[in-house]
file start08.csv (CSV, C-alpha atoms)
chain,number,residue,atom,x,y,z
D,1,MET,CA,48.1,49.3,81.6
D,2,ASP,CA,47.2,50.1,78.0
D,3,ILE,CA,49.6,51.8,75.6
D,4,ILE,CA,48.1,53.6,72.7
D,5,GLU,CA,49.6,55.6,69.8
D,6,ILE,CA,48.7,59.2,69.9
D,7,VAL,CA,49.3,61.8,67.2
D,8,THR,CA,52.4,63.8,68.2
D,9,ASP,CA,50.8,67.1,67.3
D,10,LEU,CA,48.0,66.5,69.8
D,11,ILE,CA,50.4,66.4,72.7
D,12,ASP,CA,51.5,69.5,74.7
D,13,GLU,CA,54.5,69.8,77.0
D,14,ASP,CA,53.9,70.6,80.6
D,15,THR,CA,55.7,73.9,81.1
D,16,ASP,CA,55.1,73.6,84.9
D,17,GLN,CA,56.8,70.3,85.3
D,18,PRO,CA,59.9,70.0,87.6
D,19,ARG,CA,62.4,69.3,84.9
D,20,TYR,CA,63.2,72.1,82.5
D,21,GLN,CA,67.0,71.6,81.7
D,22,PHE,CA,67.7,69.4,78.8
D,23,ASP,CA,71.3,68.7,77.7
D,24,GLU,CA,71.5,69.1,73.9
D,25,GLU,CA,74.2,66.5,73.4
D,26,ALA,CA,72.2,63.9,75.4
D,27,LEU,CA,69.0,64.8,73.4
D,28,GLN,CA,70.9,64.2,70.1
D,29,GLU,CA,72.0,60.8,71.4
D,30,LEU,CA,68.4,59.9,72.4
D,31,MET,CA,67.2,60.9,68.9
D,32,LYS,CA,69.8,58.6,67.3
D,33,SER,CA,68.7,55.7,69.5
D,34,ILE,CA,65.0,56.3,68.7
D,35,ASP,CA,65.8,56.5,65.0
D,36,GLU,CA,67.7,53.2,65.1
D,37,ILE,CA,65.7,51.0,67.4
D,38,GLY,CA,62.5,52.9,68.1
D,39,LEU,CA,61.0,54.3,71.4
D,40,LEU,CA,61.4,51.5,74.0
D,41,SER,CA,59.5,53.3,76.8
D,42,PRO,CA,56.2,55.1,76.3
D,43,ILE,CA,55.6,58.5,77.7
D,44,LYS,CA,52.7,59.3,80.1
D,45,VAL,CA,50.0,61.8,79.4
D,46,ARG,CA,46.7,63.0,80.7
D,47,THR,CA,43.7,64.4,78.8
D,48,THR,CA,43.1,68.2,78.9
D,49,GLY,CA,39.9,68.5,76.8
D,50,ASN,CA,39.3,69.3,73.2
D,51,GLY,CA,41.0,66.0,72.2
D,52,ARG,CA,44.4,67.1,73.4
D,53,TYR,CA,46.9,65.7,75.9
D,54,LYS,CA,49.5,67.1,78.3
D,55,ILE,CA,52.7,65.2,79.2
D,56,ILE,CA,53.1,63.9,82.8
D,57,TYR,CA,56.5,62.5,82.1
D,58,GLY,CA,58.7,61.7,79.1
D,59,ASN,CA,59.4,65.2,77.8
D,60,ARG,CA,62.8,64.2,76.5
D,61,ARG,CA,61.4,61.3,74.6
D,62,TYR,CA,58.6,63.5,73.2
D,63,LYS,CA,61.1,66.2,72.1
D,64,ALA,CA,63.4,63.7,70.4
D,65,SER,CA,60.4,62.0,68.6
D,66,LYS,CA,59.0,65.3,67.5
D,67,MET,CA,62.4,66.4,66.2
D,68,LEU,CA,62.6,63.2,64.2
D,69,GLY,CA,59.2,64.0,62.7
D,70,ARG,CA,57.5,60.9,64.0
D,71,PRO,CA,53.7,61.2,63.4
D,72,THR,CA,52.7,59.3,66.5
D,73,ILE,CA,54.2,58.4,69.8
D,74,PRO,CA,53.3,55.5,72.2
D,75,CYS,CA,51.6,56.8,75.4
D,76,ILE,CA,50.1,55.7,78.7
D,77,VAL,CA,47.0,57.8,79.3
D,78,SER,CA,46.5,58.6,83.0
D,79,THR,CA,43.1,59.3,84.6
D,80,VAL,CA,44.6,61.1,87.6
D,81,THR,CA,43.4,64.8,87.9
D,82,ASP,CA,44.8,65.8,91.3
D,83,GLU,CA,47.6,68.3,90.7
D,84,MET,CA,49.5,67.2,93.8
D,85,GLU,CA,49.6,63.6,92.7
D,86,ILE,CA,50.6,64.5,89.2
D,87,TYR,CA,53.5,66.7,90.4
D,88,LEU,CA,54.7,64.1,92.9
D,89,GLU,CA,54.6,61.5,90.1
D,90,GLN,CA,56.7,63.8,87.8
D,91,ILE,CA,59.3,64.2,90.6
D,92,ALA,CA,59.4,60.5,91.4
D,93,GLU,CA,59.9,59.7,87.7
D,94,ASN,CA,62.7,62.3,87.2
D,95,LEU,CA,64.5,61.1,90.3
D,96,THR,CA,65.1,57.8,88.5
D,97,ARG,CA,66.4,59.5,85.4
D,98,GLU,CA,69.9,61.0,84.6
D,99,GLY,CA,70.2,64.7,84.1
D,100,PHE,CA,67.6,65.8,86.8
D,101,SER,CA,69.8,68.5,88.3
D,102,PRO,CA,70.1,69.2,92.0
D,103,ILE,CA,68.6,72.7,91.5
D,104,GLU,CA,65.6,71.3,89.6
D,105,GLU,CA,65.1,69.0,92.5
D,106,ALA,CA,65.5,71.8,95.0
D,107,GLU,CA,63.0,74.0,93.2
D,108,ALA,CA,60.5,71.2,92.9
D,109,PHE,CA,60.7,70.4,96.7
D,110,ASN,CA,60.5,74.1,97.5
D,111,LYS,CA,57.4,74.4,95.3
D,112,LEU,CA,55.7,71.5,97.1
D,113,LEU,CA,56.6,73.0,100.5
D,114,ASN,CA,55.7,76.6,99.9
D,115,ASP,CA,53.4,77.0,96.9
D,116,PRO,CA,49.9,77.8,98.3
D,117,LYS,CA,48.6,75.2,95.8
D,118,PHE,CA,50.4,72.4,97.6
D,119,ARG,CA,51.7,73.5,101.1
D,120,SER,CA,53.2,70.0,101.9
D,121,SER,CA,55.4,69.2,104.8
D,122,THR,CA,58.9,67.7,104.6
D,123,LYS,CA,57.7,64.6,106.4
D,124,PHE,CA,54.9,64.1,103.9
D,125,LEU,CA,57.3,64.5,100.9
D,126,SER,CA,59.7,62.1,102.5
D,127,GLY,CA,57.0,59.4,102.8
D,128,LYS,CA,55.7,59.9,99.3
D,129,LEU,CA,59.1,60.0,97.5
D,130,GLY,CA,61.0,57.6,99.7
D,131,LYS,CA,63.7,60.1,100.5
D,132,PRO,CA,65.0,61.1,104.0
D,133,GLU,CA,63.8,64.4,105.3
D,134,SER,CA,67.5,65.5,105.5
D,135,TYR,CA,67.8,64.8,101.8
D,136,ILE,CA,65.0,67.2,101.0
D,137,LYS,CA,66.1,69.9,103.4
D,138,ASN,CA,69.7,69.8,102.0
D,139,LYS,CA,68.4,70.1,98.5
D,140,CYS,CA,66.4,73.2,99.5
D,141,GLU,CA,69.5,74.8,101.1
D,142,LEU,CA,71.0,75.1,97.6
D,143,LEU,CA,68.4,77.8,96.8
D,144,LYS,CA,70.2,80.1,99.2
D,145,PHE,CA,72.9,80.7,96.6
D,146,GLY,CA,72.7,83.3,93.8
D,147,ASN,CA,72.1,82.5,90.1
D,148,ALA,CA,75.8,82.6,89.2
D,149,VAL,CA,76.4,79.8,91.7
D,150,LYS,CA,73.3,77.8,90.9
D,151,LYS,CA,74.3,77.6,87.2
D,152,LEU,CA,77.5,75.7,88.3
D,153,ILE,CA,75.8,73.0,90.4
D,154,VAL,CA,75.9,69.5,89.0
D,155,GLY,CA,74.9,66.1,90.3
D,156,GLY,CA,77.2,63.5,91.7
D,157,THR,CA,80.4,63.9,93.8
D,158,GLU,CA,83.1,64.3,91.2
D,159,ILE,CA,84.9,67.6,91.6
D,160,LYS,CA,85.4,69.4,88.3
D,161,LYS,CA,86.8,72.9,87.4
D,162,ASP,CA,84.1,75.6,87.3
D,163,LYS,CA,81.5,73.2,88.6
D,164,LEU,CA,80.1,72.7,92.1
D,165,THR,CA,78.7,69.6,93.8
D,166,GLU,CA,76.2,69.7,96.7
D,167,ASP,CA,78.9,68.4,99.1
D,168,GLN,CA,81.1,71.3,98.2
D,169,LEU,CA,78.4,73.9,98.7
D,170,LEU,CA,76.6,72.8,101.8
D,171,PRO,CA,79.4,73.8,104.3
D,172,LEU,CA,79.0,77.4,103.0
D,173,LYS,CA,75.2,77.6,103.2
D,174,ASP,CA,74.9,79.4,106.6
D,175,LEU,CA,77.4,82.2,105.7
D,176,PRO,CA,76.2,85.7,104.9
D,177,ILE,CA,75.4,86.1,101.2
D,178,GLU,CA,78.3,88.6,100.7
D,179,HIS,CA,80.7,85.8,101.6
D,180,ARG,CA,78.8,82.8,100.6
D,181,ASP,CA,78.6,83.3,96.9
D,182,PRO,CA,82.1,84.7,96.3
D,183,LEU,CA,83.5,81.7,98.3
D,184,ALA,CA,81.4,79.3,96.2
D,185,LEU,CA,82.9,80.7,93.0
D,186,ILE,CA,86.4,80.4,94.4
D,187,VAL,CA,85.7,76.8,95.3
D,188,ALA,CA,84.5,76.1,91.8
D,189,ARG,CA,87.4,77.9,90.1
D,190,ASP,CA,90.1,76.2,92.3
D,191,GLU,CA,88.4,72.7,92.4
D,192,LEU,CA,88.6,72.6,96.2
D,193,PRO,CA,87.9,69.3,98.0
D,194,VAL,CA,85.1,69.2,100.5
D,195,SER,CA,87.5,69.0,103.4
D,196,ASP,CA,89.1,72.3,102.4
D,197,VAL,CA,85.7,73.9,102.0
D,198,LYS,CA,84.8,72.9,105.5
D,199,LYS,CA,88.0,74.6,106.8
D,200,ILE,CA,87.2,77.8,104.9
D,201,ALA,CA,83.7,77.8,106.2
D,202,LYS,CA,85.0,77.5,109.7
D,203,LEU,CA,87.3,80.4,109.1
D,204,PHE,CA,84.5,82.6,107.9
D,205,LYS,CA,82.2,81.6,110.8
D,206,ASP,CA,84.9,82.6,113.4
D,207,LYS,CA,83.5,85.6,115.2
D,208,THR,CA,86.9,86.8,116.4
D,209,ILE,CA,87.7,87.7,112.8
D,210,SER,CA,86.2,91.0,111.7
D,211,ASP,CA,84.0,91.4,108.6
D,212,SER,CA,86.5,93.7,107.0
D,213,THR,CA,89.2,91.1,107.3
D,214,LYS,CA,86.9,88.5,105.8
D,215,ASP,CA,86.2,90.8,102.9
D,216,LYS,CA,89.9,91.0,102.3
D,217,LEU,CA,90.2,87.2,102.4
D,218,LEU,CA,88.0,87.0,99.4
D,219,PHE,CA,90.9,88.3,97.3
D,220,LYS,CA,92.8,85.1,98.1
D,221,THR,CA,93.0,81.8,96.1
D,222,GLY,CA,91.6,78.6,97.5
D,223,SER,CA,95.1,77.6,98.6
D,224,GLY,CA,95.7,81.0,100.1
D,225,LEU,CA,92.5,80.7,102.2
D,226,ILE,CA,93.6,77.3,103.5
D,227,GLU,CA,97.0,78.7,104.4
D,228,THR,CA,95.2,81.5,106.3
D,229,TRP,CA,93.0,79.0,108.1
D,230,SER,CA,96.1,77.0,109.1
D,231,THR,CA,97.9,80.1,110.5
D,232,HIS,CA,94.7,81.2,112.3
D,233,GLU,CA,94.3,77.7,113.9
D,234,GLN,CA,98.0,77.7,115.0
D,235,ASN,CA,97.6,81.1,116.5
D,236,LYS,CA,94.5,80.0,118.5
D,237,ALA,CA,96.4,77.0,119.7
D,238,GLU,CA,99.3,79.2,120.9
D,239,ARG,CA,96.9,81.6,122.7
D,240,ALA,CA,95.3,78.6,124.4
D,241,LYS,CA,98.6,77.5,126.0
D,242,PRO,CA,99.3,78.4,129.6
D,243,ALA,CA,100.6,81.9,130.1
D,244,GLN,CA,104.4,82.2,130.3
D,245,ALA,CA,106.7,84.9,131.6
D,246,PRO,CA,106.8,87.8,129.3
D,247,ALA,CA,109.7,87.9,126.9
D,248,PRO,CA,112.1,90.9,126.8
D,249,LYS,CA,110.7,93.9,125.0
D,250,ALA,CA,111.7,93.7,121.3
D,251,SER,CA,113.5,96.6,119.8
D,252,ALA,CA,111.5,98.9,117.4
D,253,PRO,CA,112.9,97.4,114.2
D,254,LYS,CA,112.3,93.8,115.4
D,255,ALA,CA,108.8,94.7,116.6
D,256,GLU,CA,108.1,96.3,113.2
D,257,LYS,CA,109.2,93.1,111.4
D,258,GLN,CA,107.1,90.9,113.6
D,259,ALA,CA,104.0,93.1,113.1
D,260,ALA,CA,104.5,92.9,109.3
D,261,GLN,CA,104.6,89.1,109.5
D,262,GLU,CA,101.4,88.8,111.5
D,263,PRO,CA,98.6,87.0,109.6
D,264,LEU,CA,95.9,89.1,108.2
D,265,GLU,CA,93.3,88.3,110.8
D,266,GLN,CA,95.7,88.9,113.8
D,267,ALA,CA,96.7,92.3,112.3
D,268,GLU,CA,93.0,93.3,112.1
D,269,ALA,CA,92.3,92.1,115.6
D,270,ASN,CA,95.1,94.4,116.9
D,271,LYS,CA,94.0,97.4,114.8
D,272,GLY,CA,91.9,98.9,117.5
D,273,ALA,CA,94.6,98.6,120.1
D,274,LEU,CA,97.2,100.2,117.8
D,275,GLN,CA,94.9,103.1,117.1
D,276,ALA,CA,94.4,103.8,120.8
D,277,ALA,CA,98.1,103.4,121.7
D,278,PRO,CA,100.6,106.3,122.2
D,279,ALA,CA,102.1,108.3,119.4
D,280,ALA,CA,105.0,105.9,118.9
D,281,SER,CA,102.5,103.2,117.8
D,282,ILE,CA,100.9,105.4,115.2
D,283,GLU,CA,104.4,106.0,113.7
D,284,LEU,CA,104.7,102.2,113.5
D,285,VAL,CA,101.3,101.9,111.8
D,286,LEU,CA,102.3,104.6,109.3
D,287,GLN,CA,105.6,102.8,108.5
D,288,GLN,CA,103.8,99.5,108.0
D,289,LEU,CA,101.1,101.0,105.8
D,290,ALA,CA,103.6,103.0,103.7
D,291,ALA,CA,105.6,99.8,103.2
D,292,ALA,CA,102.6,97.8,102.2
D,293,LEU,CA,101.2,100.3,99.7
D,294,SER,CA,103.3,100.6,96.5
D,295,ALA,CA,103.8,103.9,94.8
D,296,PRO,CA,100.9,104.7,92.5
D,297,SER,CA,101.4,104.0,88.8
D,298,ALA,CA,99.1,104.3,85.8
D,299,LEU,CA,97.5,101.0,84.6
D,300,SER,CA,98.5,100.3,81.1
D,301,ALA,CA,95.9,100.0,78.3
D,302,ASP,CA,96.8,96.4,77.9
D,303,MET,CA,96.3,95.7,81.6
D,304,VAL,CA,92.9,97.4,81.5
D,305,GLN,CA,91.9,95.4,78.4
D,306,SER,CA,92.8,92.2,80.1
D,307,ILE,CA,89.4,92.5,81.9
D,308,GLU,CA,87.9,90.8,78.9
D,309,ALA,CA,89.9,87.7,79.6
D,310,ILE,CA,88.3,87.2,83.0
D,311,GLN,CA,86.1,84.1,82.9
D,312,ALA,CA,82.4,84.3,83.9
D,313,SER,CA,83.0,82.5,87.2
D,314,GLY,CA,85.5,85.1,88.2
D,315,GLN,CA,83.6,88.3,87.2
D,316,ALA,CA,81.6,88.6,90.4
D,317,PRO,CA,84.6,88.1,92.7
D,318,PHE,CA,86.6,90.6,90.6
D,319,ILE,CA,83.9,93.4,90.9
D,320,GLN,CA,83.5,92.7,94.6
D,321,GLY,CA,87.3,92.8,95.0
D,322,VAL,CA,87.4,96.2,93.2
D,323,ASP,CA,84.6,97.6,95.4
D,324,ALA,CA,86.3,96.3,98.6
D,325,LEU,CA,89.7,97.8,97.5
D,326,ILE,CA,88.2,101.2,96.8
D,327,GLY,CA,86.3,101.1,100.1
D,328,HIS,CA,89.4,100.2,102.1
D,329,LEU,CA,91.5,102.9,100.3
D,330,GLU,CA,88.8,105.5,101.0
D,331,GLN,CA,88.6,104.5,104.6
D,332,HIS,CA,92.4,104.7,105.0
D,333,LEU,CA,92.4,108.1,103.3
D,334,ALA,CA,89.7,109.5,105.6
D,335,GLU,CA,91.5,108.2,108.7
D,336,TRP,CA,94.9,109.6,107.7
D,337,LYS,CA,93.5,113.0,106.7
D,338,THR,CA,92.1,113.2,110.3
D,339,VAL,CA,95.5,112.2,111.7
D,340,ARG,CA,97.2,114.9,109.6
D,341,GLU,CA,94.7,117.6,110.7
D,342,LEU,CA,95.1,116.6,114.3
D,343,ALA,CA,98.9,116.5,114.1
D,344,ASN,CA,99.1,119.9,112.4
D,345,SER,CA,96.7,121.5,114.9
D,346,LYS,CA,98.6,120.2,117.9
D,347,TRP,CA,102.0,121.2,116.6
D,348,GLN,CA,100.9,124.6,115.4
D,349,ALA,CA,99.4,125.2,118.8
D,350,ALA,CA,102.6,124.1,120.5
D,351,ALA,CA,104.7,126.3,118.2
D,352,SER,CA,102.4,129.3,119.0
D,353,ALA,CA,102.8,128.7,122.7
D,354,GLU,CA,106.6,128.9,122.5
call {"tool": "encode", "arguments": {"input": "start08.csv", "output": "structure tokens"}}
result
Amino acid sequence: MDIIEIVTDLIDEDTDQPRYQFDEEALQELMKSIDEIGLLSPIKVRTTGNGRYKIIYGNRRYKASKMLGRPTIPCIVSTVTDEMEIYLEQIAENLTREGFSPIEEAEAFNKLLNDPKFRSSTKFLSGKLGKPESYIKNKCELLKFGNAVKKLIVGGTEIKKDKLTEDQLLPLKDLPIEHRDPLALIVARDELPVSDVKKIAKLFKDKTISDSTKDKLLFKTGSGLIETWSTHEQNKAERAKPAQAPAPKASAPKAEKQAAQEPLEQAEANKGALQAAPAASIELVLQQLAAALSAPSALSADMVQSIEAIQASGQAPFIQGVDALIGHLEQHLAEWKTVRELANSKWQAAASAE
């Protein structure tokens, strides 16, 4: 394998290569190392005609050398021309290097699987790259998330604030997008362990909980979601116990207190039954709702300006929360206007009959 010195200005970067994220601090450290002891490892290039070369791998070393103003750089010149072989070699090389992000891996695998130029199979990639098929499939699952989430994904398993590991994300991958991304941002913000993420995912996959209730749960913190999961699991365990003799009917005040203490998902599950119940029940619903909603008060200018303090990772959940709140309030308003009209109509008719 011959290593030759090639004029740096004759070498072009491969803009189509798998790795495109370069940490500036790490690049500065590499520059310092090259400046002090030289370039220990050559880069690999291929000829492109007109006496020029294109990098196969070694972009960071090339960048650092060029920034140092080095006139030449040691290179291995490849004779390979097959695009598939070149791309696979680029991936294989980057898999051995630090800083190759999970998203870069995922995008590279997805390109080989779906780009008409390649159209590989997972089995083929597994054999070529020495990675299990499950490894490749799990990486590709990361592409289900939106850009705001993708930017937070880092390699390794260490849990850091406002960052996400693959292990933290994968339990959420099969949730609908309207829940998947907001939950991922909550996980990043609150530094939730994988065990907690699995519990939250289980909660949001539960078909006995309505979508509207799940939308409300997105207002909670990570610890609040775990508390809701725990309560929901306890309620399921209680319902699974053998039926016992019915307890004496609670008085109205006691029943109201019990209803107010119901977990969110249980209250939502009972909503339909309450709406179809006799008039005494709608009085109870009115009392509960009136107690839950505080009297309207104007938001101060300082409070409105505090929007600017919301971190980037919290902006999407905040907007989704505002939208959900407005939607819920509008729905409540429409329902109770209908109740008012019905009550007025019935009572006016009864008064006229008398």
call {"tool": "residues_around", "arguments": {"input": "start08.csv", "residues": "Glu178 (chain D)", "least_positions_apart": "4", "cutoff": "12 Å", "atoms": "only C-alpha atoms", "output": "JSON, numbers by chain"}}
result
{"D": [144, 145, 146, 172, 173, 174, 182, 183, 184, 185, 204, 211, 212, 214, 215, 216, 218, 316, 317, 320, 321, 324]}
call {"tool": "closest_residue", "arguments": {"input": "start08.csv", "among": "D:Ala351, D:Ile76, D:Val154, D:Ala64", "to": "Glu98 (chain D)", "atoms": "only C-alpha atoms"}}
result
D:Val154
call {"tool": "atom_distance", "arguments": {"input": "start08.csv", "atom1": "CA of Phe124 (chain D)", "atom2": "CA of Phe109 (chain D)"}}
result
11.2 Å
call {"tool": "closest_residue", "arguments": {"input": "start08.csv", "among": "D:Val7, D:Arg60, D:Phe100, D:Glu93", "to": "Pro74 (chain D)", "atoms": "all atoms listed in the file"}}
result
D:Val7
call {"tool": "closest_residue", "arguments": {"input": "start08.csv", "among": "D:Ile159, D:Leu27, D:Leu40, D:Ile4", "to": "Thr72 (chain D)", "atoms": "only C-alpha atoms"}}
result
D:Ile4
call {"tool": "atom_distance", "arguments": {"input": "start08.csv", "atom1": "CA of Glu238 (chain D)", "atom2": "CA of Ser210 (chain D)"}}
result
19.9 Å
call {"tool": "closest_residue", "arguments": {"input": "start08.csv", "among": "D:Val187, D:Cys140, D:Ile86, D:Met67", "to": "Glu105 (chain D)", "atoms": "all atoms listed in the file"}}
result
D:Cys140
call {"tool": "closest_residue", "arguments": {"input": "start08.csv", "among": "D:Ile153, D:Leu175, D:Leu192, D:Ile326", "to": "Glu104 (chain D)", "atoms": "only C-alpha atoms"}}
result
D:Ile153
call {"tool": "atom_distance", "arguments": {"input": "start08.csv", "atom1": "CA of Arg239 (chain D)", "atom2": "CA of Thr221 (chain D)"}}
result
26.9 Å
call {"tool": "closest_residue", "arguments": {"input": "start08.csv", "among": "D:Ala240, D:Ala26, D:Ile177, D:Ile6", "to": "Val45 (chain D)", "atoms": "all atoms listed in the file"}}
result
D:Ile6
call {"tool": "residues_around", "arguments": {"input": "start08.csv", "residues": "Pro193 (chain D)", "least_positions_apart": "2", "cutoff": "12 Å", "atoms": "only C-alpha atoms", "output": "PyMOL selection string"}}
result
chain D and resi 157-161+164-169+171+186-191+195-200+222-223+226
call {"tool": "residues_around", "arguments": {"input": "start08.csv", "residues": "region 8-25 of chain D", "least_positions_apart": "3", "cutoff": "8 Å", "atoms": "all atoms listed in the file", "output": "number ranges by chain"}}
result
D: 28-29, 51-56, 59-60, 62, 66, 70-73, 87, 90-91, 94, 99-101, 104-105, 107-108
call {"tool": "build_atoms", "arguments": {"input": "start08.csv", "residues": "region 229-237 of chain D", "atoms": "all heavy atoms", "output": "PDB file, keeping the file's coordinate frame"}}
result
ATOM      1  N   TRP D 229      93.693  79.783 107.064  1.00  0.00           N
ATOM      2  CA  TRP D 229      93.000  79.000 108.100  1.00  0.00           C
ATOM      3  C   TRP D 229      94.033  78.254 108.957  1.00  0.00           C
ATOM      4  O   TRP D 229      93.892  78.242 110.194  1.00  0.00           O
ATOM      5  CB  TRP D 229      92.125  77.916 107.386  1.00  0.00           C
ATOM      6  CG  TRP D 229      91.604  76.874 108.336  1.00  0.00           C
ATOM      7  CD1 TRP D 229      90.515  76.961 109.140  1.00  0.00           C
ATOM      8  CD2 TRP D 229      92.190  75.595 108.605  1.00  0.00           C
ATOM      9  NE1 TRP D 229      90.375  75.827 109.889  1.00  0.00           N
ATOM     10  CE2 TRP D 229      91.395  74.964 109.588  1.00  0.00           C
ATOM     11  CE3 TRP D 229      93.306  74.928 108.110  1.00  0.00           C
ATOM     12  CZ2 TRP D 229      91.687  73.693 110.071  1.00  0.00           C
ATOM     13  CZ3 TRP D 229      93.602  73.648 108.591  1.00  0.00           C
ATOM     14  CH2 TRP D 229      92.786  73.051 109.556  1.00  0.00           C
ATOM     15  N   SER D 230      95.067  77.682 108.343  1.00  0.00           N
ATOM     16  CA  SER D 230      96.100  77.000 109.100  1.00  0.00           C
ATOM     17  C   SER D 230      96.809  77.879 110.078  1.00  0.00           C
ATOM     18  O   SER D 230      97.004  77.542 111.255  1.00  0.00           O
ATOM     19  CB  SER D 230      97.089  76.322 108.132  1.00  0.00           C
ATOM     20  OG  SER D 230      98.108  75.647 108.833  1.00  0.00           O
ATOM     21  N   THR D 231      97.171  79.072 109.591  1.00  0.00           N
ATOM     22  CA  THR D 231      97.900  80.100 110.500  1.00  0.00           C
ATOM     23  C   THR D 231      96.954  80.485 111.600  1.00  0.00           C
ATOM     24  O   THR D 231      97.398  80.589 112.754  1.00  0.00           O
ATOM     25  CB  THR D 231      98.267  81.281 109.626  1.00  0.00           C
ATOM     26  OG1 THR D 231      99.109  80.870 108.551  1.00  0.00           O
ATOM     27  CG2 THR D 231      99.003  82.300 110.491  1.00  0.00           C
ATOM     28  N   HIS D 232      95.696  80.715 111.290  1.00  0.00           N
ATOM     29  CA  HIS D 232      94.700  81.200 112.300  1.00  0.00           C
ATOM     30  C   HIS D 232      94.560  80.073 113.385  1.00  0.00           C
ATOM     31  O   HIS D 232      94.519  80.382 114.588  1.00  0.00           O
ATOM     32  CB  HIS D 232      93.397  81.459 111.648  1.00  0.00           C
ATOM     33  CG  HIS D 232      92.376  82.022 112.585  1.00  0.00           C
ATOM     34  ND1 HIS D 232      92.531  83.232 113.224  1.00  0.00           N
ATOM     35  CD2 HIS D 232      91.177  81.536 113.004  1.00  0.00           C
ATOM     36  CE1 HIS D 232      91.482  83.468 113.992  1.00  0.00           C
ATOM     37  NE2 HIS D 232      90.646  82.457 113.878  1.00  0.00           N
ATOM     38  N   GLU D 233      94.481  78.814 112.964  1.00  0.00           N
ATOM     39  CA  GLU D 233      94.300  77.700 113.900  1.00  0.00           C
ATOM     40  C   GLU D 233      95.575  77.588 114.801  1.00  0.00           C
ATOM     41  O   GLU D 233      95.471  77.326 116.006  1.00  0.00           O
ATOM     42  CB  GLU D 233      94.073  76.406 113.171  1.00  0.00           C
ATOM     43  CG  GLU D 233      92.711  76.326 112.496  1.00  0.00           C
ATOM     44  CD  GLU D 233      91.563  76.383 113.490  1.00  0.00           C
ATOM     45  OE1 GLU D 233      91.568  75.580 114.448  1.00  0.00           O
ATOM     46  OE2 GLU D 233      90.677  77.247 113.329  1.00  0.00           O
ATOM     47  N   GLN D 234      96.747  77.761 114.213  1.00  0.00           N
ATOM     48  CA  GLN D 234      98.000  77.700 115.000  1.00  0.00           C
ATOM     49  C   GLN D 234      98.041  78.816 116.024  1.00  0.00           C
ATOM     50  O   GLN D 234      98.451  78.601 117.176  1.00  0.00           O
ATOM     51  CB  GLN D 234      99.198  77.789 114.056  1.00  0.00           C
ATOM     52  CG  GLN D 234      99.402  76.555 113.169  1.00  0.00           C
ATOM     53  CD  GLN D 234     100.491  76.761 112.144  1.00  0.00           C
ATOM     54  OE1 GLN D 234     101.201  77.762 112.159  1.00  0.00           O
ATOM     55  NE2 GLN D 234     100.615  75.802 111.236  1.00  0.00           N
ATOM     56  N   ASN D 235      97.606  80.012 115.606  1.00  0.00           N
ATOM     57  CA  ASN D 235      97.600  81.100 116.500  1.00  0.00           C
ATOM     58  C   ASN D 235      96.628  80.896 117.702  1.00  0.00           C
ATOM     59  O   ASN D 235      96.925  81.231 118.858  1.00  0.00           O
ATOM     60  CB  ASN D 235      97.189  82.429 115.806  1.00  0.00           C
ATOM     61  CG  ASN D 235      98.288  82.936 114.897  1.00  0.00           C
ATOM     62  OD1 ASN D 235      99.444  82.551 115.034  1.00  0.00           O
ATOM     63  ND2 ASN D 235      97.936  83.792 113.956  1.00  0.00           N
ATOM     64  N   LYS D 236      95.470  80.310 117.393  1.00  0.00           N
ATOM     65  CA  LYS D 236      94.500  80.000 118.500  1.00  0.00           C
ATOM     66  C   LYS D 236      95.089  78.978 119.426  1.00  0.00           C
ATOM     67  O   LYS D 236      94.897  79.079 120.645  1.00  0.00           O
ATOM     68  CB  LYS D 236      93.206  79.466 117.846  1.00  0.00           C
ATOM     69  CG  LYS D 236      92.345  80.523 117.209  1.00  0.00           C
ATOM     70  CD  LYS D 236      90.875  80.108 117.122  1.00  0.00           C
ATOM     71  CE  LYS D 236      90.690  78.869 116.294  1.00  0.00           C
ATOM     72  NZ  LYS D 236      89.257  78.528 116.109  1.00  0.00           N
ATOM     73  N   ALA D 237      95.791  77.990 118.869  1.00  0.00           N
ATOM     74  CA  ALA D 237      96.400  77.000 119.700  1.00  0.00           C
ATOM     75  C   ALA D 237      97.471  77.584 120.623  1.00  0.00           C
ATOM     76  O   ALA D 237      97.584  77.226 121.798  1.00  0.00           O
ATOM     77  CB  ALA D 237      97.006  75.863 118.856  1.00  0.00           C
TER      78      ALA D 237
END
